[in-house]
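Report on the structure given below.
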Amino acid sequence: MKTPDLLPAALIGAVASARSMTPMAALATAHLAGRTTPGRLRLLTHPLFTAGALAMGVGELFGDKMKSAPDRTVLLGLLARIMSAGIAGAALAPGGRERAGAGLAVATAVPMVYLTLAGRKRAMREIGQTKSGLIEDALIVAAGIGVVAFAVRGR
């Protein structure tokens, strides 16, 4: 197994640590653009998945700015990140290595949840919740799109 082949899986796990739905939305966007993922998951090509992933991705970006938004380390937040990282990691791993990609993405996402939360809390103290959230959104959405685009290029 070549580590570079699984690099997109690890990177999408890092994306999921900060925005749980961004990996799914990035995969849905790639599907709409006619791209296929290296790993084969039937779920990803279903129109309901595509619509739902895009809606949830946008919804998360708005919800994150609310004062009542929970930390990403609460149980449901962690579960969402684990599931999103696992699905996206499997999709971005080479065919036949979907399980390894899922495991690597989850193994990256879980510790990164705590690192990204610490960074966000520091930014919130310095520049506020909304501004720090918008900056984090821009960075994470760009990273998610970039990772998925890299993994599906030419497919």
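Residue numbering restarts at 1 in every chain; chains get A, B, ... in the order shown in the structure tokens, and ligands count up from 1 in that same order.
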Test item: residues at most 7 Å from segment 63-70 of chain A, only C-alpha atoms, excluding those fewer than 5 positions along its chain, as a PyMOL selection string: chain A and resi 129-130+133
Close residues, segment 27-38 of chain A itself excluded, 6 Å, only C-alpha atoms, min 4 positions apart in chain, as a list in words: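 The residues satisfying every condition are Thr50, Ala91, Leu92, Ala93, Pro94, Gly95, Val152 and Arg155 of chain A.
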What are the closest atom pairs, with distances in Å to one decimal, for all residues of segment 11-52 of chain A lying within 6 Å of segment 101-109 of chain A? Consider only C-alpha atoms, order rows by chain and residue number, and present the result as JSON lines.
{"residue": "A:Gly13", "atom": "CA", "partner": "A:Ala105", "partner_atom": "CA", "distance": 4.1}
{"residue": "A:Ala14", "atom": "CA", "partner": "A:Ala109", "partner_atom": "CA", "distance": 5.1}
{"residue": "A:Ser17", "atom": "CA", "partner": "A:Ala109", "partner_atom": "CA", "distance": 4.8}
Output file for the selection above: all heavy atoms, as a PDB file, in the first residue's frame:
ATOM      1  N   GLY A  13     -10.104  13.753   6.088  1.00  0.00           N
ATOM      2  CA  GLY A  13     -10.365  13.587   7.518  1.00  0.00           C
ATOM      3  C   GLY A  13     -10.095  14.876   8.279  1.00  0.00           C
ATOM      4  O   GLY A  13     -10.852  15.251   9.181  1.00  0.00           O
ATOM      5  N   ALA A  14      -9.037  15.562   7.905  1.00  0.00           N
ATOM      6  CA  ALA A  14      -8.733  16.858   8.533  1.00  0.00           C
ATOM      7  C   ALA A  14      -9.825  17.872   8.231  1.00  0.00           C
ATOM      8  O   ALA A  14     -10.228  18.653   9.098  1.00  0.00           O
ATOM      9  CB  ALA A  14      -7.372  17.367   8.070  1.00  0.00           C
ATOM     10  N   SER A  17     -12.818  17.308  10.372  1.00  0.00           N
ATOM     11  CA  SER A  17     -12.636  17.694  11.772  1.00  0.00           C
ATOM     12  C   SER A  17     -13.166  19.093  12.052  1.00  0.00           C
ATOM     13  O   SER A  17     -13.622  19.383  13.150  1.00  0.00           O
ATOM     14  CB  SER A  17     -11.155  17.621  12.164  1.00  0.00           C
ATOM     15  OG  SER A  17     -10.414  18.698  11.617  1.00  0.00           O
TER      16      SER A  17
END
Long-range neighbours of Val110 of chain A as a PyMOL selection string, 12 Å cut-off, only C-alpha atoms, 3 positions minimum in chain: chain A and resi 10+12-18+20+72-75+77-86+103-107+113-117
Would you mind exporting N, CA, C and O atoms of the selected residues as a tab-separated table (two decimals), in the first residue's frame?
chain	number	residue	atom	x	y	z
A	10	ALA	N	-6.57	10.99	4.21
A	10	ALA	CA	-6.12	11.65	5.43
A	10	ALA	C	-6.50	13.13	5.43
A	10	ALA	O	-6.99	13.66	6.43
A	12	ILE	N	-8.95	14.61	3.80
A	12	ILE	CA	-10.39	14.84	3.93
A	12	ILE	C	-10.83	14.60	5.37
A	12	ILE	O	-11.79	15.20	5.84
A	13	GLY	N	-10.10	13.75	6.09
A	13	GLY	CA	-10.36	13.59	7.52
A	13	GLY	C	-10.10	14.88	8.28
A	13	GLY	O	-10.85	15.25	9.18
A	14	ALA	N	-9.04	15.56	7.91
A	14	ALA	CA	-8.73	16.86	8.53
A	14	ALA	C	-9.82	17.87	8.23
A	14	ALA	O	-10.23	18.65	9.10
A	15	VAL	N	-10.34	17.86	7.01
A	15	VAL	CA	-11.44	18.75	6.64
A	15	VAL	C	-12.67	18.44	7.50
A	15	VAL	O	-13.31	19.34	8.04
A	16	ALA	N	-12.98	17.17	7.64
A	16	ALA	CA	-14.16	16.77	8.43
A	16	ALA	C	-14.03	17.18	9.89
A	16	ALA	O	-15.04	17.42	10.55
A	17	SER	N	-12.82	17.31	10.37
A	17	SER	CA	-12.64	17.69	11.77
A	17	SER	C	-13.17	19.09	12.05
A	17	SER	O	-13.62	19.38	13.15
A	18	ALA	N	-13.13	19.95	11.06
A	18	ALA	CA	-13.58	21.33	11.25
A	18	ALA	C	-15.01	21.55	10.77
A	18	ALA	O	-15.76	22.33	11.36
A	20	SER	N	-18.14	19.11	9.50
A	20	SER	CA	-18.54	17.71	9.31
A	20	SER	C	-19.18	17.44	7.95
A	20	SER	O	-19.04	16.36	7.40
A	72	ARG	N	-17.74	21.29	18.44
A	72	ARG	CA	-17.65	20.13	17.55
A	72	ARG	C	-17.28	18.85	18.29
A	72	ARG	O	-17.29	17.78	17.71
A	73	THR	N	-16.97	18.96	19.59
A	73	THR	CA	-16.58	17.79	20.36
A	73	THR	C	-17.75	17.13	21.08
A	73	THR	O	-17.55	16.11	21.74
A	74	VAL	N	-18.96	17.68	20.96
A	74	VAL	CA	-20.11	17.01	21.59
A	74	VAL	C	-20.34	15.70	20.84
A	74	VAL	O	-19.94	15.54	19.68
A	75	LEU	N	-21.01	14.75	21.49
A	75	LEU	CA	-21.15	13.40	20.93
A	75	LEU	C	-21.69	13.39	19.49
A	75	LEU	O	-21.10	12.76	18.61
A	77	GLY	N	-21.70	15.77	17.30
A	77	GLY	CA	-20.73	16.41	16.42
A	77	GLY	C	-19.58	15.47	16.07
A	77	GLY	O	-19.15	15.40	14.92
A	78	LEU	N	-19.10	14.74	17.07
A	78	LEU	CA	-18.04	13.77	16.81
A	78	LEU	C	-18.52	12.65	15.89
A	78	LEU	O	-17.82	12.23	14.97
A	79	LEU	N	-19.73	12.16	16.15
A	79	LEU	CA	-20.28	11.09	15.31
A	79	LEU	C	-20.44	11.54	13.86
A	79	LEU	O	-20.13	10.78	12.93
A	80	ALA	N	-20.92	12.76	13.67
A	80	ALA	CA	-21.07	13.28	12.31
A	80	ALA	C	-19.72	13.36	11.61
A	80	ALA	O	-19.59	13.02	10.43
A	81	ARG	N	-18.71	13.79	12.33
A	81	ARG	CA	-17.37	13.89	11.74
A	81	ARG	C	-16.78	12.52	11.43
A	81	ARG	O	-16.14	12.34	10.41
A	82	ILE	N	-17.00	11.58	12.32
A	82	ILE	CA	-16.51	10.22	12.09
A	82	ILE	C	-17.18	9.61	10.85
A	82	ILE	O	-16.51	9.03	9.99
A	83	MET	N	-18.49	9.76	10.76
A	83	MET	CA	-19.20	9.19	9.60
A	83	MET	C	-18.79	9.88	8.30
A	83	MET	O	-18.54	9.22	7.29
A	84	SER	N	-18.74	11.19	8.33
A	84	SER	CA	-18.38	11.95	7.14
A	84	SER	C	-16.95	11.63	6.70
A	84	SER	O	-16.69	11.39	5.52
A	85	ALA	N	-16.04	11.61	7.65
A	85	ALA	CA	-14.64	11.29	7.33
A	85	ALA	C	-14.53	9.88	6.78
A	85	ALA	O	-13.82	9.65	5.78
A	86	GLY	N	-15.22	8.94	7.39
A	86	GLY	CA	-15.15	7.56	6.93
A	86	GLY	C	-15.68	7.38	5.52
A	86	GLY	O	-15.04	6.73	4.68
A	103	GLY	N	-10.55	4.25	7.44
A	103	GLY	CA	-9.86	4.20	8.73
A	103	GLY	C	-8.88	5.34	8.91
A	103	GLY	O	-8.81	5.96	9.98
A	104	LEU	N	-8.13	5.64	7.88
A	104	LEU	CA	-7.15	6.73	7.95
A	104	LEU	C	-7.85	8.07	8.10
A	104	LEU	O	-7.41	8.92	8.89
A	105	ALA	N	-8.94	8.27	7.38
A	105	ALA	CA	-9.67	9.54	7.49
A	105	ALA	C	-10.22	9.73	8.89
A	105	ALA	O	-10.13	10.82	9.46
A	106	VAL	N	-10.79	8.69	9.46
A	106	VAL	CA	-11.33	8.78	10.83
A	106	VAL	C	-10.19	8.99	11.83
A	106	VAL	O	-10.30	9.83	12.75
A	107	ALA	N	-9.09	8.27	11.64
A	107	ALA	CA	-7.95	8.42	12.55
A	107	ALA	C	-7.35	9.81	12.47
A	107	ALA	O	-6.75	10.29	13.44
A	113	VAL	N	-10.15	17.19	15.49
A	113	VAL	CA	-11.33	17.90	16.01
A	113	VAL	C	-10.90	18.79	17.17
A	113	VAL	O	-11.30	19.96	17.25
A	114	TYR	N	-10.09	18.27	18.04
A	114	TYR	CA	-9.67	19.01	19.23
A	114	TYR	C	-8.69	20.13	18.87
A	114	TYR	O	-8.74	21.21	19.45
A	115	LEU	N	-7.84	19.89	17.88
A	115	LEU	CA	-6.91	20.93	17.45
A	115	LEU	C	-7.63	22.07	16.73
A	115	LEU	O	-7.35	23.24	16.97
A	116	THR	N	-8.56	21.71	15.84
A	116	THR	CA	-9.28	22.76	15.13
A	116	THR	C	-10.19	23.54	16.07
A	116	THR	O	-10.36	24.75	15.91
A	117	LEU	N	-10.75	22.88	17.08
A	117	LEU	CA	-11.58	23.59	18.06
A	117	LEU	C	-10.73	24.56	18.87
A	117	LEU	O	-11.14	25.71	19.10
Residue with smallest distance to Gly146 of chain A - pool A:Ala55, A:Leu6, A:Met21, A:Ala26, counting only C-alpha atoms: A:Ala26
Test item, helix (DSSP H, G or I) assignment across segment 44-137 of chain A, answer as a PyMOL selection string: chain A and resi 44-45+47-63+75-92+98-127+129-137
Point-to-point distance in Å for atom CA of Ala88 of chain A and atom CA of Gly144 of chain A: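 It comes out at 10.3 Å.
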